[in-house]
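Participant: The structure that follows is given in the form of structure tokens.
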Amino acid sequence: RSTPLYSSAASDVYKRQGLLGIALTALFMMIFYRFAGFIALIGLTVNIILLFGILAIFKADFTLAGIAGVILTIGIAIDGNVLIYERLREERDTGKGVVASIQAAYEKAFSAIFDAQITTLITAFILLWLAEGAIQGFAVTLTIGIIVSLFSALLVTRVCYNWLKGMNPKLKFTPVLSKKNINFLGLTKKTRILSILLILISIGWLGYKGGDSLGIEFAGGQQLRFNATQGTTQEKIDELVNDNRSEGSKVPQIQELTPIGQDKTIFSVRVSDTDGENVKDALNSSGLADGQIQSQQIRSQVAGEMLITSVIALLAGLVAIFLYITFRFEFSFAMGAIIALVHDLVIVIGITVLCGLELNLILVGAFLTIAGYSINDTIVVFDRIREGLKTQRGAQDAVMNNAINSTLTRTILTSVTTLLTVFALYLFGGPSLRDFSFAIIIGVLVGTYSSIFVASPIVAFWAKWRKINLRREILDAEQETVESAAATN
């Protein structure tokens with residue numbers, strides 16, 4: 001390949017800000033989960049070491065696509081621990097001992113962790129198959145990240161507890177949103193109006209902007225690639241490129257490539273055709289480029305094919321997720337998950353364009369990260385609804401409200417810990433990561449909202465409209481599984 005599998009920045013500044021985000025996450029976990037939070041940090045540390053170690057083994061450039069995968073990986077790893085600890089909190093509240101609570105927490109959290117990560121893994125596999133370049137780099141990082149996250153959440157932390165079992169550690173938690181009983185489904189009418197309004201604004205604005213909303217990768221332009229001289233920073237490149245671009249031209253895309261284990265720094269600068277020669281001449285005379293500047297045309301036909309490939313990959317991922325959720329849950333849940341996911345993507349894309357950002361490969365990576373986060377969040381709520389319908393009596397809406405309330409603490413804690421990492425990238429990560437981080441911040445907020453106010457209400461509405469007894473369907477499916485396992489044995 002002429003372009004590295006991973007295609008963006010990994011300068012010392014980005015590394016420091018990544019560490020800052022992780023440090024904030026660690027502090028947050030310690031505050032809310034205390035001793036258990038310390039065990040979670042051991043698992044997260046193992047997770048990060050394994051992820052970066054595997055990337056280093058394959059000599060991958062750590063880039064924006066890689067950062068997207070790492071952020072989602074950290075979110076998934078934290079989410080797995082939060083799921084276990086919220087179950088652990090519930091078990092301790094019933095009066096169980098520490099050892100019995102730990103065992104029950106891991107057993108009950110397993111299905112939610114497994115389903116949530118498998119749906120994300122399906123998306124990664126689809127992207128590995130259909131996408132290329134930076135998006136394929138995102139998929140590679142995400143695939144590795146999911147596998148090591150499963151290992152760290154379900155095995156590493158469990159082993160730590162087994163080692164400490166004889167010490168009978170005291171597990172205390174900071175109370176968060178305890179004894180809540182919010183009628184979320186009763187708020188559906190108000191939230192439905194809000195969602196429809198946001199979707200109409202997003203679609204309307206995207207239609208108004210048309211091709212003007214597309215960045216250079218999808219509209220065509222020139223790519224300049226060169227080795228940087230010693231002391232060259234991205235800020236200097238940003239200033240020079242922006243000083244030599246024409247008014248009204250597409251926003252330039254500047255990426256700093258820092259191969260793992262090497263000292264050289266390579267810059268890739270994508271600009272509009274009208275700015276290509278001016279920027280190239282300015283770089284040659286500035287002394288920032290070490291040697292010849294390679295220039296490559298990004299033709300509109302190639303850019304269009306890249307856009308179509310990205311869309312097809314995303315749609316294929318949605319179909320695969322739909323089929324898996326239908327298999328693991330029921331058709332009603334699959335409908336809720338996919339509609340909520342489309343809801344999130346449309347609104348996030350609309351808001352990013354409304355805020356003046358151009359759609360490019362960096363933002364596509366952000367949207368894929370959002371899709372993985374959103375479906376992960378929704379699956380956790382669905383898993384608790386399924387459990388409630390199997391084990392609790394009462395009206396369907398009451399059980400669903402109880403499930404959403406039960407997972408609300410987990411939803412908020414996971415969102416906050418993810419936002420801490422992304423905010424660090426947004427505030428201190430530099431221009432290359434600002435648009436990417438902004439899109440993910442919006443995506444996390446919208447995804448958190450949809451998992452509570454969109455996905456579950458759609459399941460309830462679909463079941464009522466089609467006159468489906470969800471409890472009966474789930475119990476029948478459970479019975480079929482038991483009978484099938486008995487027949488196999």
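By order in the structure tokens, chains are A, B, ...; within a chain, residues start at 1; ligands start at 1, following the order shown.
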With only C-alpha atoms counted and 8 Å as the cut-off, give the residues of stretch 187-282 of chain A in contact with stretch 289-296 of chain A, each with its shortest interatomic distance in Å and the pair that gives it, as a tab-separated table.
Facilitator:
residue	atom	partner	partner_atom	distance
A:Gln222	CA	A:Gln296	CA	5.8
A:Gln223	CA	A:Gln296	CA	5.2
A:Leu224	CA	A:Ser295	CA	4.7
A:Arg225	CA	A:Gln294	CA	5.1
A:Phe226	CA	A:Ile293	CA	4.9
A:Asn227	CA	A:Asp290	CA	5.2
A:Ala228	CA	A:Ala289	CA	4.8
A:Thr229	CA	A:Asp290	CA	5.0
A:Lys280	CA	A:Ile293	CA	7.5
Participant: Can you pull out every residue within 9 Å of A:Leu419, counting only C-alpha atoms, but drop anything in the same chain fewer than 5 positions away, and send it as an MDAnalysis selection string?
Facilitator: chainID A and resid 21 414 424 440:441 444:445
Participant: Leaving out stretch 99-107 of chain A and any residue of its chain fewer than 6 positions from it, which residues lie within 6 Å of it when counting only C-alpha atoms, given as a PyMOL selection string?
Facilitator: chain A and resi 84+87-88+91
Participant: Using all heavy atoms, can you export the residues from the last selection as a PDB file, in the first residue's frame?
Facilitator:
ATOM      1  N   ILE A  84     -20.409  -5.114  35.368  1.00  0.00           N
ATOM      2  CA  ILE A  84     -20.134  -6.093  36.426  1.00  0.00           C
ATOM      3  C   ILE A  84     -20.329  -5.456  37.802  1.00  0.00           C
ATOM      4  O   ILE A  84     -20.952  -6.040  38.698  1.00  0.00           O
ATOM      5  CB  ILE A  84     -18.711  -6.659  36.279  1.00  0.00           C
ATOM      6  CG1 ILE A  84     -18.608  -7.504  34.999  1.00  0.00           C
ATOM      7  CG2 ILE A  84     -18.335  -7.494  37.496  1.00  0.00           C
ATOM      8  CD1 ILE A  84     -17.188  -7.864  34.616  1.00  0.00           C
ATOM      9  N   ARG A  87     -23.935  -4.781  38.802  1.00  0.00           N
ATOM     10  CA  ARG A  87     -24.515  -6.057  39.250  1.00  0.00           C
ATOM     11  C   ARG A  87     -24.006  -6.409  40.637  1.00  0.00           C
ATOM     12  O   ARG A  87     -24.754  -6.907  41.495  1.00  0.00           O
ATOM     13  CB  ARG A  87     -24.141  -7.158  38.251  1.00  0.00           C
ATOM     14  CG  ARG A  87     -24.863  -7.072  36.931  1.00  0.00           C
ATOM     15  CD  ARG A  87     -26.317  -7.500  37.087  1.00  0.00           C
ATOM     16  NE  ARG A  87     -26.951  -7.699  35.801  1.00  0.00           N
ATOM     17  CZ  ARG A  87     -28.163  -8.208  35.637  1.00  0.00           C
ATOM     18  NH1 ARG A  87     -28.873  -8.557  36.698  1.00  0.00           N
ATOM     19  NH2 ARG A  87     -28.685  -8.361  34.445  1.00  0.00           N
ATOM     20  N   LEU A  88     -22.717  -6.158  40.860  1.00  0.00           N
ATOM     21  CA  LEU A  88     -22.117  -6.447  42.162  1.00  0.00           C
ATOM     22  C   LEU A  88     -22.767  -5.589  43.249  1.00  0.00           C
ATOM     23  O   LEU A  88     -23.052  -6.076  44.359  1.00  0.00           O
ATOM     24  CB  LEU A  88     -20.612  -6.177  42.097  1.00  0.00           C
ATOM     25  CG  LEU A  88     -19.760  -6.519  43.318  1.00  0.00           C
ATOM     26  CD1 LEU A  88     -19.966  -7.960  43.749  1.00  0.00           C
ATOM     27  CD2 LEU A  88     -18.290  -6.249  43.012  1.00  0.00           C
ATOM     28  N   GLU A  91     -26.149  -7.122  44.027  1.00  0.00           N
ATOM     29  CA  GLU A  91     -26.034  -8.360  44.792  1.00  0.00           C
ATOM     30  C   GLU A  91     -25.680  -8.068  46.248  1.00  0.00           C
ATOM     31  O   GLU A  91     -26.212  -8.706  47.169  1.00  0.00           O
ATOM     32  CB  GLU A  91     -24.974  -9.280  44.165  1.00  0.00           C
ATOM     33  CG  GLU A  91     -25.305  -9.765  42.760  1.00  0.00           C
ATOM     34  CD  GLU A  91     -26.569 -10.598  42.718  1.00  0.00           C
ATOM     35  OE1 GLU A  91     -26.806 -11.391  43.659  1.00  0.00           O
ATOM     36  OE2 GLU A  91     -27.346 -10.445  41.749  1.00  0.00           O
TER      37      GLU A  91
END
Participant: Just the number, please: distance in Å from atom CA of A:Ile76 to atom CA of A:Ile442, one decimal.
Facilitator: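 Interatomic distance, atom CA of A:Ile76 to atom CA of A:Ile442: 17.7 Å.
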Participant: Any idea what's packed within 7 Å of A:Val381, counting only C-alpha atoms, ignoring anything in its chain fewer than 6 positions away? Could you give it as a VMD selection string?
Facilitator: chain A and resid 403 to 404 407
Participant: Could you write out that same residue set with N, CA and C atoms as a tab-separated table (two decimals), in the first residue's frame?
Facilitator:
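Ended up saving to part.tsv:
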chain	number	residue	atom	x	y	z
A	403	ALA	N	-36.35	-1.90	33.98
A	403	ALA	CA	-35.07	-2.26	33.37
A	403	ALA	C	-34.25	-1.02	33.03
A	404	ILE	N	-34.89	0.00	32.47
A	404	ILE	CA	-34.18	1.24	32.12
A	404	ILE	C	-33.66	1.92	33.38
A	407	THR	N	-30.55	0.14	34.73
A	407	THR	CA	-29.32	0.35	33.97
A	407	THR	C	-28.95	1.83	33.85
Participant: When you look at A:His343 with a cut-off of 8 Å (counting only C-alpha atoms), what residues show up, excluding the ones that are within fewer than 5 positions of it in the same chain? I need them as a compact mmCIF listing (two decimals) with C-alpha atoms, in the first residue's frame.
Facilitator:
# COMPACT_ATOMS: atom_id res chain seq x y z
CA SER A 195 -36.28 13.35 18.07
CA ILE A 199 -34.04 14.51 12.48
CA SER A 450 -31.54 7.23 22.40
Participant: Pick out each residue of stretch 207-454 of chain A that DSSP on the backbone tags as alpha helix (DSSP H); I need them as number ranges by chain.
Facilitator: A: 207-209, 216-219, 234-243, 273-286, 300-328, 331-354, 361-391, 396-428, 431-453
Participant: Pick out the residues sitting within 12 Å of A:Tyr324, and hand them over as a PyMOL selection string; count only C-alpha atoms, and ignore anything fewer than 2 positions along from it in its own chain.
Facilitator: chain A and resi 115-123+317-322+326-331+333-335+337-338+375+379
Participant: Identify which of the residues A:Gln253, A:Asp383, A:Gly97, A:Ile147 lies closest to A:Leu51, counting only C-alpha atoms when measuring atom-to-atom distances.
Facilitator: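 With only C-alpha atoms as the atom set, the closest residue is A:Ile147.
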Participant: Rounded to one decimal, what separation in Å do you get between atom CA of A:Thr265 and atom CA of A:Leu50?
Facilitator: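 Atom-to-atom, atom CA of A:Thr265 and atom CA of A:Leu50 are spaced 24.9 Å apart.
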